[in-house]
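Here the structure comes first, spelled out in structure tokens, and everything after it is commentary.
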Amino acid sequence: MKDRVEPLRVLLVGRGRMGRLVESLASSHGVVVKGMLGHDREANAAALERLEGIDVAIDFSTAEAVPENFPRLAVARCDVVIGTTGWQAYTDLLRRIAADAGIGVVAAPNFSIGASLFAAIVSRAAELASEQEEYGAWIHERHHAAKKDAPSGTALALERTMRDAGLTRAIDVSSSRVGSVPGLHEVGFDGRFDTITLTHNVRDRRTFAAGALEAARWVHGRQGWFSMRDMLMTRANAAQGANQR
Ligand SMILES: NC(=O)c1ccc[n+]([C@@H]2O[C@H](COP(=O)([O-])OP(=O)(O)OC[C@H]3O[C@@H](n4cnc5c(N)ncnc54)[C@H](OP(=O)(O)O)[C@@H]3O)[C@@H](O)[C@H]2O)c1
């Protein structure tokens, strides 16, 4: 795929903490923000009905808003980046809608590139720990007091990653909602005489906004339902191919 010369035209679904950060970083990622949706559902419905000249929607809104707005974005053949968490119960439905419309979607509970690296490290750790029954496993996540869903989407994804890596014993998952923590995830294994801890700690929410903007650029023109891992693997494979030429 050729590098895009024209700026990518984006609609922001949600103009809260994350929406505003995406807006502030947009131009440095070759993205121009063409509109924003907020909590006014009637205004949203009207705006989505006459949606034109938008390449990708970036959704950082609420769990309830995702299944409401997504079908309208699909009808408008707009690719979508979903950063909002807590809407997993609708995954099958939204995937069908996306497939029928032939759009591209990147959905991730955590758009930080570091979090994707962390998940890969956790996967390997869980694979190794699966052979060592005496090490109890846990996931702990800490977020700011205003975060609504718990456990976080990222903690649930880490749990799936550990299961997929072969860890069959109990994983204790816990959450704290406190102060203004942007996001901390800790994975640990505790043995009789020692403890292993792995931590991903977000110091600045801009890491999520930058990752979502990268995902928007990557997904436009692709069809299918993707994760951040898909994006990073595609890029890594492309870089490897280029190095071998
Ligand atoms: N994937 C990631 O990397 C990542 C990172 C951080 C956060 N998140 C998730 O992103 C979501 C948003 O986080 P935030 O901190 O930005 O929350 P926030 O500050 O509370 O902002 C939520 C926004 O959603 C808007 N909204 C409410 N109902 C809507 C509707 N029906 N349609 C469109 N927009 C609507 C609100 O509009 P008004 O301004 O008009 O009230 C508000 O602007 C949360 O689910 C959070 O867990 C994900």
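Chains: A, B, ... in order of the structure tokens. Residues: from 1 per chain. Ligands: from 1, in order shown.
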Could you please extract the residues within 9 Å of ligand 1, counting only C-alpha atoms and all ligand atoms, and hand them back as a CSV table (one decimal) with N, CA, C and O atoms, in the first residue's frame?
chain,number,residue,atom,x,y,z
A,12,LEU,N,-14.5,12.3,15.0
A,12,LEU,CA,-14.3,11.8,16.4
A,12,LEU,C,-15.7,11.5,17.0
A,12,LEU,O,-16.5,12.4,17.1
A,13,VAL,N,-15.9,10.3,17.4
A,13,VAL,CA,-17.1,9.9,18.1
A,13,VAL,C,-16.7,9.9,19.6
A,13,VAL,O,-16.0,9.0,20.1
A,14,GLY,N,-17.1,11.0,20.3
A,14,GLY,CA,-16.7,11.2,21.7
A,14,GLY,C,-15.7,12.3,21.7
A,14,GLY,O,-14.7,12.3,21.0
A,15,ARG,N,-16.0,13.3,22.5
A,15,ARG,CA,-15.1,14.5,22.6
A,15,ARG,C,-14.7,14.8,24.0
A,15,ARG,O,-14.6,15.9,24.5
A,16,GLY,N,-14.5,13.7,24.8
A,16,GLY,CA,-14.1,13.8,26.2
A,16,GLY,C,-12.6,13.8,26.3
A,16,GLY,O,-11.9,14.3,25.4
A,17,ARG,N,-12.1,13.2,27.4
A,17,ARG,CA,-10.6,13.3,27.6
A,17,ARG,C,-9.9,12.7,26.4
A,17,ARG,O,-8.9,13.3,25.9
A,18,MET,N,-10.3,11.5,25.9
A,18,MET,CA,-9.6,10.9,24.8
A,18,MET,C,-9.8,11.6,23.5
A,18,MET,O,-8.9,11.8,22.7
A,19,GLY,N,-11.1,11.9,23.2
A,19,GLY,CA,-11.4,12.6,21.9
A,19,GLY,C,-10.6,13.8,21.8
A,19,GLY,O,-10.0,14.1,20.7
A,20,ARG,N,-10.4,14.6,22.8
A,20,ARG,CA,-9.7,15.9,22.8
A,20,ARG,C,-8.2,15.6,22.6
A,20,ARG,O,-7.5,16.4,21.9
A,21,LEU,N,-7.7,14.5,23.2
A,21,LEU,CA,-6.2,14.2,22.9
A,21,LEU,C,-6.0,13.8,21.5
A,21,LEU,O,-5.0,14.2,20.9
A,36,MET,N,-17.1,16.1,15.2
A,36,MET,CA,-17.1,15.4,16.5
A,36,MET,C,-18.5,15.1,16.9
A,36,MET,O,-19.4,16.0,16.8
A,37,LEU,N,-18.7,14.0,17.5
A,37,LEU,CA,-20.0,13.7,18.1
A,37,LEU,C,-19.9,13.6,19.6
A,37,LEU,O,-18.9,13.2,20.1
A,38,GLY,N,-21.0,14.0,20.3
A,38,GLY,CA,-21.1,14.0,21.7
A,38,GLY,C,-22.3,13.2,22.2
A,38,GLY,O,-22.8,12.4,21.5
A,39,HIS,N,-22.8,13.6,23.4
A,39,HIS,CA,-23.9,12.8,24.0
A,39,HIS,C,-25.2,13.0,23.4
A,39,HIS,O,-26.2,12.3,23.7
A,40,ASP,N,-25.4,14.1,22.6
A,40,ASP,CA,-26.7,14.4,22.0
A,40,ASP,C,-27.1,13.4,20.9
A,40,ASP,O,-26.6,13.5,19.7
A,41,ARG,N,-27.9,12.4,21.2
A,41,ARG,CA,-28.2,11.3,20.3
A,41,ARG,C,-28.9,11.8,19.0
A,41,ARG,O,-28.7,11.2,18.0
A,42,GLU,N,-29.8,12.7,19.2
A,42,GLU,CA,-30.6,13.2,18.0
A,42,GLU,C,-29.6,13.9,17.0
A,42,GLU,O,-29.6,13.7,15.8
A,44,ASN,N,-26.5,13.4,16.8
A,44,ASN,CA,-25.6,12.4,16.2
A,44,ASN,C,-26.3,11.7,15.1
A,44,ASN,O,-25.7,11.5,14.0
A,59,ASP,N,-13.6,6.2,17.7
A,59,ASP,CA,-14.6,6.2,18.8
A,59,ASP,C,-14.0,6.0,20.1
A,59,ASP,O,-13.4,5.0,20.5
A,60,PHE,N,-14.0,7.1,20.9
A,60,PHE,CA,-13.7,7.1,22.3
A,60,PHE,C,-14.9,7.7,23.0
A,60,PHE,O,-14.9,8.9,23.3
A,61,SER,N,-16.0,6.9,23.2
A,61,SER,CA,-17.2,7.5,23.7
A,61,SER,C,-17.6,6.6,25.0
A,61,SER,O,-16.9,6.6,25.9
A,62,THR,N,-18.8,6.0,24.9
A,62,THR,CA,-19.2,5.2,26.0
A,62,THR,C,-19.7,3.8,25.5
A,62,THR,O,-20.0,3.7,24.3
A,63,ALA,N,-19.7,2.8,26.4
A,63,ALA,CA,-20.1,1.5,26.0
A,63,ALA,C,-21.5,1.5,25.4
A,63,ALA,O,-21.7,0.7,24.4
A,64,GLU,N,-22.4,2.3,25.9
A,64,GLU,CA,-23.8,2.3,25.3
A,64,GLU,C,-23.8,3.0,23.9
A,64,GLU,O,-24.6,2.6,23.1
A,65,ALA,N,-22.9,3.9,23.7
A,65,ALA,CA,-22.9,4.7,22.4
A,65,ALA,C,-22.4,3.8,21.3
A,65,ALA,O,-22.8,4.1,20.1
A,66,VAL,N,-21.5,2.9,21.6
A,66,VAL,CA,-20.9,2.2,20.5
A,66,VAL,C,-21.9,1.4,19.6
A,66,VAL,O,-21.9,1.6,18.4
A,68,GLU,N,-24.9,2.0,19.2
A,68,GLU,CA,-25.8,2.9,18.6
A,68,GLU,C,-25.2,3.6,17.4
A,68,GLU,O,-25.9,3.7,16.4
A,69,ASN,N,-24.0,4.0,17.5
A,69,ASN,CA,-23.4,4.8,16.4
A,69,ASN,C,-22.8,3.9,15.3
A,69,ASN,O,-22.7,4.3,14.1
A,82,ILE,N,-12.2,1.6,17.2
A,82,ILE,CA,-12.9,1.6,18.4
A,82,ILE,C,-12.0,1.5,19.6
A,82,ILE,O,-11.4,0.5,19.9
A,83,GLY,N,-11.9,2.6,20.3
A,83,GLY,CA,-11.1,2.6,21.5
A,83,GLY,C,-11.9,2.5,22.8
A,83,GLY,O,-11.4,2.1,23.9
A,84,THR,N,-13.2,2.7,22.7
A,84,THR,CA,-14.1,2.6,23.8
A,84,THR,C,-14.1,1.2,24.4
A,84,THR,O,-14.0,0.3,23.6
A,85,THR,N,-14.3,1.1,25.7
A,85,THR,CA,-14.3,-0.2,26.3
A,85,THR,C,-15.7,-0.5,26.9
A,85,THR,O,-16.5,0.4,27.0
A,86,GLY,N,-15.9,-1.8,27.2
A,86,GLY,CA,-17.1,-2.2,27.9
A,86,GLY,C,-18.3,-2.6,27.0
A,86,GLY,O,-19.4,-2.9,27.5
A,87,TRP,N,-18.1,-2.7,25.7
A,87,TRP,CA,-19.2,-3.0,24.8
A,87,TRP,C,-19.1,-4.4,24.2
A,87,TRP,O,-19.8,-4.8,23.3
A,107,ALA,N,-10.3,-2.7,16.6
A,107,ALA,CA,-10.9,-2.5,17.9
A,107,ALA,C,-9.9,-3.0,18.9
A,107,ALA,O,-9.3,-4.1,18.8
A,108,ALA,N,-9.6,-2.1,19.9
A,108,ALA,CA,-8.6,-2.5,20.9
A,108,ALA,C,-8.9,-1.8,22.2
A,108,ALA,O,-9.2,-0.7,22.3
A,109,PRO,N,-8.8,-2.6,23.3
A,109,PRO,CA,-9.1,-2.0,24.6
A,109,PRO,C,-7.9,-1.1,25.1
A,109,PRO,O,-8.0,-0.3,26.0
A,110,ASN,N,-6.8,-1.2,24.3
A,110,ASN,CA,-5.6,-0.4,24.7
A,110,ASN,C,-4.8,-0.1,23.4
A,110,ASN,O,-4.3,-1.0,22.8
A,111,PHE,N,-4.8,1.2,23.0
A,111,PHE,CA,-4.1,1.5,21.8
A,111,PHE,C,-2.6,1.9,22.0
A,111,PHE,O,-2.0,2.3,21.0
A,112,SER,N,-2.2,1.7,23.2
A,112,SER,CA,-0.7,2.0,23.4
A,112,SER,C,0.1,0.9,22.8
A,112,SER,O,-0.1,-0.3,23.0
A,115,ALA,N,1.6,-1.3,25.3
A,115,ALA,CA,0.7,-2.4,25.8
A,115,ALA,C,0.7,-3.6,24.9
A,115,ALA,O,0.5,-4.7,25.4
A,146,ALA,N,-12.7,7.9,37.6
A,146,ALA,CA,-13.9,8.1,36.7
A,146,ALA,C,-14.1,6.9,35.7
A,146,ALA,O,-15.1,6.9,35.0
A,147,LYS,N,-13.1,6.0,35.7
A,147,LYS,CA,-13.3,4.9,34.7
A,147,LYS,C,-14.5,4.0,35.1
A,147,LYS,O,-14.6,3.6,36.3
A,148,LYS,N,-15.4,3.7,34.2
A,148,LYS,CA,-16.6,3.1,34.5
A,148,LYS,C,-16.5,1.6,34.6
A,148,LYS,O,-17.1,0.9,35.5
A,149,ASP,N,-15.8,0.9,33.6
A,149,ASP,CA,-15.8,-0.5,33.5
A,149,ASP,C,-14.7,-1.1,34.4
A,149,ASP,O,-13.6,-0.5,34.5
A,152,SER,N,-10.7,-3.7,33.6
A,152,SER,CA,-10.5,-3.0,32.4
A,152,SER,C,-10.6,-4.0,31.2
A,152,SER,O,-10.2,-5.2,31.3
A,153,GLY,N,-10.9,-3.4,30.0
A,153,GLY,CA,-10.8,-4.3,28.8
A,153,GLY,C,-9.4,-4.8,28.6
A,153,GLY,O,-9.3,-6.0,28.1
A,154,THR,N,-8.4,-4.1,29.0
A,154,THR,CA,-7.0,-4.6,28.8
A,154,THR,C,-6.8,-5.8,29.7
A,154,THR,O,-6.1,-6.7,29.3
A,182,PRO,N,-3.6,7.1,34.7
A,182,PRO,CA,-4.0,6.8,33.3
A,182,PRO,C,-4.2,5.4,33.0
A,182,PRO,O,-5.0,5.0,32.2
A,183,GLY,N,-3.4,4.5,33.7
A,183,GLY,CA,-3.6,3.0,33.4
A,183,GLY,C,-2.4,2.2,33.7
A,183,GLY,O,-1.3,2.5,33.2
A,205,ARG,N,-1.7,9.7,28.7
A,205,ARG,CA,-2.8,9.2,27.9
A,205,ARG,C,-2.5,9.4,26.4
A,205,ARG,O,-3.2,8.8,25.6
A,206,ARG,N,-1.6,10.3,26.1
A,206,ARG,CA,-1.3,10.5,24.7
A,206,ARG,C,-0.9,9.3,23.9
A,206,ARG,O,-1.0,9.1,22.7
A,207,THR,N,-0.4,8.3,24.7
A,207,THR,CA,0.0,7.0,24.1
A,207,THR,C,-1.2,6.3,23.4
A,207,THR,O,-1.0,5.7,22.3
A,208,PHE,N,-2.4,6.4,24.0
A,208,PHE,CA,-3.6,5.8,23.5
A,208,PHE,C,-4.0,6.6,22.2
A,208,PHE,O,-4.4,6.0,21.2
A,209,ALA,N,-3.9,7.9,22.3
A,209,ALA,CA,-4.4,8.7,21.2
A,209,ALA,C,-3.5,8.5,20.0
A,209,ALA,O,-4.0,8.4,18.8
A,211,GLY,N,-1.7,5.9,19.3
A,211,GLY,CA,-1.9,4.6,18.7
A,211,GLY,C,-3.2,4.5,17.9
A,211,GLY,O,-3.3,3.9,16.8
A,212,ALA,N,-4.2,5.2,18.4
A,212,ALA,CA,-5.5,5.2,17.7
A,212,ALA,C,-5.4,5.9,16.3
A,212,ALA,O,-6.0,5.5,15.3
| Surrounding residues of stretch 126-132 of chain A excluding itself and chain neighbours under 3 positions, 7 Å, only C-alpha atoms, as a PyMOL selection string | chain A and resi 122-123+135+162+165-167
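If you count only C-alpha atoms and ignore residues fewer than 4 places along the chain from A:Ala170, what sits within 10 Å of it is Gly136, Ala137, Trp138 and Arg163 of chain A.
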| task | Work out how far atom CA of A:Ala43 is from atom CA of A:Trp225, in Å to one decimal. | result | 27.7 Å
Neighbouring residues of stretch 184-191 of chain A were defined as those with any atom within 6 Å, considering only C-alpha atoms; residues of the same chain fewer than 5 positions away were excluded. Please report them as a short mmCIF file (atom, residue, chain, number, x, y, z; two decimals) with N, CA and C atoms, in the first residue's frame.
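As written to disk, out-v3.cif reads:
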data_model
loop_
_atom_site.label_atom_id
_atom_site.label_comp_id
_atom_site.auth_asym_id
_atom_site.auth_seq_id
_atom_site.Cartn_x
_atom_site.Cartn_y
_atom_site.Cartn_z
N GLU A 134 3.26 -24.49 40.87
CA GLU A 134 3.30 -23.87 42.20
C GLU A 134 3.22 -22.35 42.15
N TYR A 135 3.34 -21.78 40.94
CA TYR A 135 3.29 -20.31 40.84
C TYR A 135 1.85 -19.84 40.57
N GLY A 136 1.25 -19.22 41.57
CA GLY A 136 -0.09 -18.66 41.41
C GLY A 136 -0.03 -17.43 40.52
N ALA A 137 -1.09 -17.20 39.74
CA ALA A 137 -1.06 -16.10 38.76
C ALA A 137 -2.07 -15.03 39.12
N TRP A 138 -1.70 -13.77 38.85
CA TRP A 138 -2.67 -12.69 39.06
C TRP A 138 -2.50 -11.59 38.00
N ILE A 139 -3.58 -10.84 37.86
CA ILE A 139 -3.55 -9.60 37.07
C ILE A 139 -4.14 -8.52 37.96
N HIS A 140 -3.44 -7.42 38.07
CA HIS A 140 -4.04 -6.28 38.79
C HIS A 140 -4.00 -5.06 37.88
N GLU A 141 -5.11 -4.33 37.83
CA GLU A 141 -5.11 -3.09 37.04
C GLU A 141 -5.58 -1.93 37.91
N ARG A 142 -5.01 -0.74 37.61
CA ARG A 142 -5.34 0.46 38.39
C ARG A 142 -5.64 1.58 37.40
N ILE A 196 7.38 -13.10 40.62
CA ILE A 196 7.72 -12.42 39.35
C ILE A 196 6.63 -11.39 39.09
N THR A 197 7.01 -10.15 38.77
CA THR A 197 5.99 -9.16 38.38
C THR A 197 6.40 -8.49 37.07
N LEU A 198 5.42 -8.32 36.21
CA LEU A 198 5.60 -7.61 34.93
C LEU A 198 4.61 -6.45 34.95
N THR A 199 5.06 -5.26 34.60
CA THR A 199 4.18 -4.09 34.71
C THR A 199 4.22 -3.24 33.45
N HIS A 200 3.04 -2.82 33.01
CA HIS A 200 2.95 -1.77 31.98
C HIS A 200 2.27 -0.58 32.62
N ASN A 201 2.94 0.55 32.60
CA ASN A 201 2.44 1.72 33.31
C ASN A 201 2.35 2.90 32.35
#
| note | If you count only C-alpha atoms, the residue of A:His143, A:Arg124, A:Arg245, A:Arg77 closest to A:Gly102 turns out to be A:Arg77
| message | Quick check, in Å to one decimal: how far apart do atom CA of A:Ala99 and atom CA of A:Ala74 lie? | response | 9.2 Å
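Distance check against A:Trp218 using only C-alpha atoms: of A:Ala98, A:Val105, A:Cys78, A:Leu11, the minimum falls on A:Val105.
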| message | I'd like the contact shell of stretch 232-241 of chain A - 12 Å cut-off, only C-alpha atoms, skipping same-chain residues fewer than 3 positions apart - returned as a VMD selection string. | response | chain A and resid 1 106 111 to 117 120 211 214 to 215 218 to 219 226 to 229 244 to 245
| query | Among stretch 51-239 of chain A, which ones does DSSP place in helix (DSSP H, G or I), written as a ChimeraX atom specification? | reply | /A:65-75,88-101,113-129,153-164,206-219,228-239
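Considering only C-alpha atoms, the residue among A:Glu133, A:Gln88, A:Thr161, A:Ala145 positioned nearest to A:Ala119 is A:Thr161.
For A:Phe70, the residues within 9 Å (counting only C-alpha atoms, excluding itself and residues fewer than 6 positions away along the chain) are Val80, Leu94, Ile97 and Ala98 of chain A.
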Store the residues picked out above in a file with C-alpha atoms, as a PDB file, in the first residue's frame.
ATOM      1  CA  VAL A  80     -13.841   2.636  12.301  1.00  0.00           C
ATOM      2  CA  LEU A  94     -20.844  -5.423  15.200  1.00  0.00           C
ATOM      3  CA  ILE A  97     -22.413  -5.433  10.455  1.00  0.00           C
ATOM      4  CA  ALA A  98     -18.808  -4.563   9.534  1.00  0.00           C
TER       5      ALA A  98
END
